[in-house]
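Just below is one structure, and these are the notes that go with it.
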Protein chains: 2
Amino acid sequence: MLWRCCSLSHRIFDRFCVAELKSLQTSGRLTDFACNINAMLLLRRCSGLTSFGPLVPLRPRASVAAGWCAVRLLGGNSKDQRWENAGHGLSWRRALAGLLAGTGAVLAYGLNHHKAERADAVSIPVTAQNSQFPVFSQEEVTKHRTLQDGIWVTFNGGVYDITEFVAMHPGGDKILLAAGGALEPFWALYAVHNQEHVLEILSEYKVGELRAEDQKKQQSATSSDPYSSDPVRHPALRVNSLKPFNAEPPPEILSDSYVTPSAIFFKRNHLPVPQVDPASYELQVDGLPGGGLKLSLEDLKSRFPKHTVTATLQCAGNRRSEMNTVKQVKGLNWGISAISNGVWAGARLRDVLLAAGYGPDAARWARHVQFEGLDKDVTGTTYGASIPIHKAVSEEGDVLLAYEMNGEPLPADHGFPVRVVVPGTVGARNVKWLSKITVSAEESGSHWQQNDYKGFSPTTDWDTVDFKSAPAIQELPVQSAITVPAQGASVPRADEEVTVKGYAWSGGGREVVRVDVSLDGGKTWQVARLRSGDSGETLEPPPPPGRAWAWKLWELTAPLPPDARQLEIVCKAVDNSYNMQPDTVAPIWNLRGVLSNAWHRVKVTISDDEQ
Amino acid sequence: MLWRCCSLSHRIFDRFCVAELKSLQTSGRLTDFACNINAMLLLRRCSGLTSFGPLVPLRPRASVAAGWCAVRLLGGNSKDQRWENAGHGLSWRRALAGLLAGTGAVLAYGLNHHKAERADAVSIPVTAQNSQFPVFSQEEVTKHRTLQDGIWVTFNGGVYDITEFVAMHPGGDKILLAAGGALEPFWALYAVHNQEHVLEILSEYKVGELRAEDQKKQQSATSSDPYSSDPVRHPALRVNSLKPFNAEPPPEILSDSYVTPSAIFFKRNHLPVPQVDPASYELQVDGLPGGGLKLSLEDLKSRFPKHTVTATLQCAGNRRSEMNTVKQVKGLNWGISAISNGVWAGARLRDVLLAAGYGPDAARWARHVQFEGLDKDVTGTTYGASIPIHKAVSEEGDVLLAYEMNGEPLPADHGFPVRVVVPGTVGARNVKWLSKITVSAEESGSHWQQNDYKGFSPTTDWDTVDFKSAPAIQELPVQSAITVPAQGASVPRADEEVTVKGYAWSGGGREVVRVDVSLDGGKTWQVARLRSGDSGETLEPPPPPGRAWAWKLWELTAPLPPDARQLEIVCKAVDNSYNMQPDTVAPIWNLRGVLSNAWHRVKVTISDDEQ
């Protein structure tokens with residue numbers, strides 16, 4: 001089967017979306033646009049489908065689009081309603097929309113939102129007058145900010161002594177940031193807390209009520225939503241978390257484009273998207289002799305050669321949902337699409353470091369390059385991460401301070417105006433909204449470098465984990481997944497063959513050299529065809545060894561086994577160090593659900609239905 | 001459990017062996033020495049064993065040593081008998097020795113040798129007088145050297161037209177080297193041919209007899225054994241092939257020393273060991289502007305800084321025997337010990353290439369560095385391989401032109417006087433007896449680079465394989481194996497715990513960061529303790545990222561599960577790119593049996609026997 005030739009190239013599609021979204025953002029026509037976009041996606045799929053027969057494989061897609069339309073029809077009509085809120089409303093509306101769509105797609109979407117709403121709604125009702133607890137002033141609460149004095153916090157008018165809980169906090173000692181103050185600003189940042197069981201735990205530590213006048217002060221301080229200035233997002237994205245925004249494209253759209261359109265490129269934000277004025281933007285380079293370097297966006301563009309790299313970024317938590325089927329892990333429930341491929345352009349980090357004074361002297365003590373983002377929580381703590389110095393300064397490392405993505409300025413969700421792109425390295429080190437670079441003898445001390453994004457044995461749990469015992473994830477292991485057909489799809493026997501598609505990538509610049517596909521759960525294998533570009537494009541020459549930063553898309557069309565009633569389709573990739581994916585999920589399960597790269601499995605049924 | 005402190009350090013052991021062997025080689029006391037060495041090994045084990053109880057685990061080791069002694073007692077007393085021949089003799093002698101030892105260890109050894117003897121003995125009896133075939137002169141045979149004229153060869157007085165067989169030859173078109181001449185010199189190099197079924201295949205192609213006078217000429221030409229000058233080897237080695245010599249140490253000895261003593265370091269020779277006079281040795285560096293460079297051994301030592309690297313070498317075929325249990329593959333039947341760790345010292349390849357004129361000009365076109373060995377077959381074809389230029393010239397590549405191994409001049413089996421050591425890269429590229437270095441735009445054209453040492457899908461067989469479709473193996477994938485206890489060992493329940501030991505390593509300088517061990521076939525896991533040196537040694541600081549060239553040894557002592565009657569012990573390693581080993585062998589099976597790195601599994605029984 002030939003690769004499908006889309007009538008709309010991803011770039012046109014991309015620009016169209018961006019322009020339309022911008023104009024719609026102020027016109028209040030967003031819900032109509034959602035329906036249009038989905039209708040358009042539907043149209044693309046209708047015109048392109050050749051191998052699955054006309055009806056069956058369309059059902060899930062048609063239902064998603066129809067579901068969106070149903071949401072529009074039944075949903076609110078507020079002028080400023082944003083995409084993420086399209087699913088917010090009375091639950092009967094969503095249920096009806098789901099029924100109209102005829103599948104569970106919308107219901108599933110609604111269910112996620114419903115959960116979030118319930119979490120928003122729950123609270124511990126407090127009336128200081130009737131309370132059996134003593135009343136404390138904010139001043140008194142503020143005195144309890146150390147383990148010695150006790151750690152007190154307030155929440156919704158209550159005062160809590162959480163000293164004993166600190167050691168048990170799943171998020172580590174980050175909880176101490178709230179010591180002596182209100183929890184609300186932190187929970188607004190980390191919506192994971194807005195769940196009933198979290199509030200139940202908190203209620204065990206209640207020691208008093210906050211004085212009424214201090215409650216009022218807090219309410220006025222915390223009323224603003226730090227996420228209110230987040231950008232508008234593409235409605236095709238599957239949202240894993242609204243605040244911070246985390247979302248991935250549907251798999252079958254992901255493998256449609258070798259370079260992922262920015263609008264559907266997976267989004268992984270840890271904090272609210274910062275608003276940055278490009279005119280006053282300043283990048284600070286620290287840690288080198290000579291007092292540091294400050295660069296404007298214009299400096300970055302004019303003083304250093306522009307370097308372009310096609311590189312795939314993958315979240316450490318990609319495919320986490322498969323680990324959840326083994327045993328619940330902590331983290332966003334990513335499907336298989338927390339990975340995307342972009343064309344990045346910017347200054348080389350190496351060039352900037354050399355300009356800032358990096359040389360043989362610094363090479364003697366420098367071991368890491370730390371990055372800080374402009375995205376910050378209410379305490380001013382910014383997102384941070386680091387990479388090894390060798391990767392940063394190597395001519396072959398191709399690390400960019402990127403100001404362009406897919407030929408356009410970086411979108412807000414992807415780090416406008418400047419982000420780091422560390423090809424071959426886990427997404428978490430590709431710091432967005434970059435504010436500061438520090439050459440250092442030490443790794444970044446950030447939570448995300450030290451106490452997150454590390455791999456552990458399946459035997460390690462939250463009681464036994466020692467984050468110091470494992471290295472911070474940098475290069476990722478070999479990965480592949482099946483994007484088409486979808487889990488549970490139906491393949492008409494009359495088609496006589498099935499086409500399987502997917503992506504494959506490996507970290508550290510290791511090139512994927514083969515993808516094996518099985519239709520029988522891994523008993524027998526066939527070799528898929530790999531590609532490094534879209535149909536009709538002039539392919540670039542293969543990358544030098546160790547610099548294969550971009551994924552490969554792959555495809556296999558194979559005859560349907562004559563007697564099979566269902567297929568267990570499996571894929572596994574091999575990189576040029578001949579690393580292979582592990583067979584099963586359970587032995588690589590880890591408490592954070594990262595590094596989920598077992599063989600990907602999709603079950604489909606073969607339908608005898610002539611329709 | 002503390003790491004055992006050996007009374008004899010490996011270096012003393014090593015030097016002792018080398019010195020003793022040298023003196024014994026001429027004195028005829030080798031068989032006594034064999035017994036002494038084994039008694040010594042036995043003594044070391046006796047004094048060190050603490051965790052398995054006194055009797056049961058000693059049995060196999062005691063039997064091996066006793067078996068060797070039995071071989072000495074019953075074996076030949078020829079003055080020049082060499083180690084490899086210690087097992088040669090009448091089969092009743094070995095059987096009796098096996099009985100005396102009380103186990104099958106010696107029998108198994110004998111069986112391997114017996115096979116080789118049978119192969120030596122088989123032949124096709126020929127009497128030209130009585131033959132129904134026409135008689136041809138050598139001159140006539142010599143005319144048939146192309147596919148157009150037909151490919152004729154002679155063997156043991158017969159003439160064979162193998163034109164149709166050429167395409168089917170498992171060794172590829174190397175068979176054409178014998179075209180128009182005798183097969184014997186080639187089969188002397190590749191003893192794999194000395195098997196009955198090979199001769200049966202050959203007999204199908206017989207077309208005539210060779211003229212008697214030409215037979216006589218051939219006999220005088222082929223009577224010399226190209227392996228007769230091979231060095232004496234350590235008797236503890238398990239021999240996979242005598243000619244060329246390929247052997248590995250017993251696993252339980254392998255994990256006794258962090259740095260493997262040279263005498264038991266696995267040996268992987270493709271051809272006879274060349275005899276090199278260090279005084280006249282010359283290394284040629286070609287391909288760069290300026291007419292090339294010639295270096296004597298003294299030049300190499302005096303003109304370039306001496307650089308020392310501890311690096312593990314592994315044969316691509318390590319653990320091939322496990323693939324054979326799935327389906328027969330082609331290649332030496334390696335166990336788990338075709339891997340060893342050495343301390344190498346020499347000039348850096350980078351320094352030599354810079355001295356030879358490598359610079360920005362060459363960087364524009366150079367892509368590979370090719371190596372040629374002095375080991376050659378009868379046609380003069382030498383062993384060859386290449387590595388990517390980046391690895392060769394990078395400061396972090398640590399590629400050596402090594403003249404020392406473990407503090408001594410390179411032993412003959414390991415490439416005396418100079419070999420390439422390419423840390424992190426498959427053994428096959430670590431060319432021994434180095435004669436020539438060529439900077440090139442192309443990979444080595446050698447058989448071993450182009451048509452061997454590549455990985456394929458399990459679905460690929462010798463009818464469908466296209467060697468051009470896969471990259472030459474360079475960096476190897478993550479690997480680990482269990483050295484103790486041995487497969488089928490018995491663990492006394494009275495010990496209440498079991499100690500498991502092994503090695504772990506990954507290619508490309510990726511450091512092993514964790515080894516998981518399971519006692520229940522992979523259902524539950526425990527984390528093993530890693531070490532990077534021997535007990536009592538001052539450990540070196542951890543290597544910089546990407547330069548972890550040496551393996552880790554690991555150990556886990558765990559309680560015996562109360563009700564278990566047997567254990568299926570499994571290990572799997574994780575490197576710092578978080579690559580993991582695949583769970584099972586079948587999905588990574590490939591026709592050459594390379595890259596065998598699935599979880600290693602060892603089954604042991606728990607014995608209630610109080611003795």
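Simple scheme: letters A, B, ... for chains in structure tokens order, numbers from 1 for residues in each chain, numbers from 1 for ligands in the order shown.
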
* To do: Skip region 545-551 of chain B itself and residues of its chain fewer than 4 positions away, then list as a VMD selection string all residues within 9 Å of it, counting only C-alpha atoms.
  => (chain A and resid 388 390) or (chain B and resid 258 309 to 313 340 to 342 396 to 398 423 to 424 503 to 512 531 to 532 576)

* **Residue neighbourhood Arg529 (chain A), 9 Å, only C-alpha atoms, exclusion window fewer than 5 positions, as a ChimeraX atom specification** => /A:514-515,553-556

* May I have all residues of region 389-604 of chain A that DSSP, computed from the backbone, assigns to helix (DSSP H, G or I), given as a PyMOL selection string? => chain A and resi 389-393+412-414+427-429+447-450+467-469+493-495+586-588

Keeping only N, CA and C atoms, write the selected residues to a file as a compact mmCIF listing (two decimals), in the first residue's frame.
# COMPACT_ATOMS: atom_id res chain seq x y z
N ILE A 389 27.50 17.76 30.73
CA ILE A 389 28.25 18.78 29.99
C ILE A 389 28.66 18.26 28.61
N HIS A 390 29.00 16.99 28.53
CA HIS A 390 29.47 16.46 27.25
C HIS A 390 28.41 16.62 26.17
N LYS A 391 27.17 16.29 26.54
CA LYS A 391 26.07 16.44 25.58
C LYS A 391 25.92 17.91 25.16
N ALA A 392 26.12 18.80 26.14
CA ALA A 392 25.89 20.23 25.89
C ALA A 392 26.93 20.85 24.97
N VAL A 393 28.18 20.45 25.11
CA VAL A 393 29.24 21.13 24.37
C VAL A 393 29.74 20.36 23.16
N ALA A 412 3.28 29.10 22.34
CA ALA A 412 3.35 29.33 23.79
C ALA A 412 3.51 28.03 24.56
N ASP A 413 2.76 26.99 24.17
CA ASP A 413 2.84 25.72 24.90
C ASP A 413 4.19 25.02 24.74
N HIS A 414 4.95 25.43 23.76
CA HIS A 414 6.21 24.74 23.51
C HIS A 414 7.42 25.59 23.87
N GLY A 427 12.06 14.21 27.35
CA GLY A 427 11.42 15.51 27.24
C GLY A 427 11.68 16.44 28.42
N ALA A 428 11.73 15.86 29.62
CA ALA A 428 11.84 16.67 30.84
C ALA A 428 13.09 17.55 30.89
N ARG A 429 14.11 17.22 30.11
CA ARG A 429 15.34 18.05 30.10
C ARG A 429 15.28 19.14 29.04
N HIS A 447 13.42 19.53 41.93
CA HIS A 447 12.61 18.35 42.20
C HIS A 447 12.60 17.39 41.02
N TRP A 448 12.48 17.93 39.81
CA TRP A 448 12.30 17.09 38.62
C TRP A 448 13.57 16.37 38.21
N GLN A 449 14.71 16.90 38.66
CA GLN A 449 15.98 16.23 38.36
C GLN A 449 16.32 15.22 39.46
N GLN A 450 16.00 15.60 40.70
CA GLN A 450 16.46 14.80 41.84
C GLN A 450 15.44 13.76 42.29
N PHE A 467 15.51 8.01 46.02
CA PHE A 467 15.72 8.66 44.72
C PHE A 467 17.19 8.85 44.40
N LYS A 468 18.03 8.90 45.44
CA LYS A 468 19.46 9.07 45.18
C LYS A 468 20.07 7.81 44.54
N SER A 469 19.38 6.67 44.65
CA SER A 469 19.97 5.41 44.19
C SER A 469 19.89 5.24 42.67
N ARG A 493 -12.96 -9.32 7.11
CA ARG A 493 -12.24 -10.44 6.50
C ARG A 493 -12.16 -10.25 4.98
N ALA A 494 -13.15 -9.59 4.43
CA ALA A 494 -13.18 -9.40 2.97
C ALA A 494 -11.97 -8.61 2.47
N ASP A 495 -11.37 -7.83 3.36
CA ASP A 495 -10.18 -7.06 2.95
C ASP A 495 -8.99 -7.96 2.66
N ALA A 586 5.02 -5.92 33.15
CA ALA A 586 5.17 -6.10 34.60
C ALA A 586 6.63 -6.04 35.07
N PRO A 587 7.57 -6.68 34.37
CA PRO A 587 8.95 -6.65 34.88
C PRO A 587 9.64 -5.29 34.77
N ILE A 588 9.05 -4.35 34.02
CA ILE A 588 9.66 -3.01 33.96
C ILE A 588 8.78 -2.00 34.69

At most 6 Å to chain A: residues in chain B, only C-alpha atoms, as a short mmCIF file (atom, residue, chain, number, x, y, z; two decimals) with N, CA, C and O atoms, in the first residue's frame:
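Saved file out32.cif follows:
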data_model
loop_
_atom_site.label_atom_id
_atom_site.label_comp_id
_atom_site.auth_asym_id
_atom_site.auth_seq_id
_atom_site.Cartn_x
_atom_site.Cartn_y
_atom_site.Cartn_z
N THR B 459 12.44 -14.05 11.75
CA THR B 459 11.81 -14.60 10.55
C THR B 459 12.80 -14.79 9.41
O THR B 459 12.52 -15.48 8.44
N GLU B 475 28.20 -1.03 18.74
CA GLU B 475 27.87 -1.09 20.17
C GLU B 475 26.96 -2.30 20.43
O GLU B 475 26.10 -2.61 19.61
N LEU B 476 27.15 -2.92 21.57
CA LEU B 476 26.31 -4.07 21.92
C LEU B 476 25.21 -3.64 22.89
O LEU B 476 25.35 -2.66 23.60
N PRO B 477 24.11 -4.41 22.92
CA PRO B 477 23.02 -4.09 23.85
C PRO B 477 23.34 -4.53 25.28
O PRO B 477 24.32 -5.24 25.52
N TRP B 525 10.99 -9.55 42.09
CA TRP B 525 12.38 -9.17 41.84
C TRP B 525 13.03 -8.57 43.08
O TRP B 525 12.36 -7.95 43.92
N SER B 577 20.88 4.33 29.98
CA SER B 577 19.87 4.80 29.04
C SER B 577 18.57 4.07 29.32
O SER B 577 17.63 4.16 28.55
N TYR B 578 18.54 3.35 30.42
CA TYR B 578 17.37 2.59 30.86
C TYR B 578 16.93 1.56 29.82
O TYR B 578 15.76 1.22 29.73
N ASN B 579 17.91 1.10 29.02
CA ASN B 579 17.60 -0.06 28.21
C ASN B 579 17.60 -1.29 29.09
O ASN B 579 18.41 -1.38 30.03
N PRO B 582 15.59 -8.07 26.87
CA PRO B 582 14.31 -8.68 26.55
C PRO B 582 14.05 -9.92 27.42
O PRO B 582 14.99 -10.56 27.89
N ASP B 583 12.76 -10.25 27.62
CA ASP B 583 12.40 -11.32 28.54
C ASP B 583 12.82 -12.71 28.03
O ASP B 583 13.25 -13.56 28.81
#

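Across the structure, CA of Gly359 (chain A) and CA of Thr438 (chain A) are spaced 14.6 Å apart.
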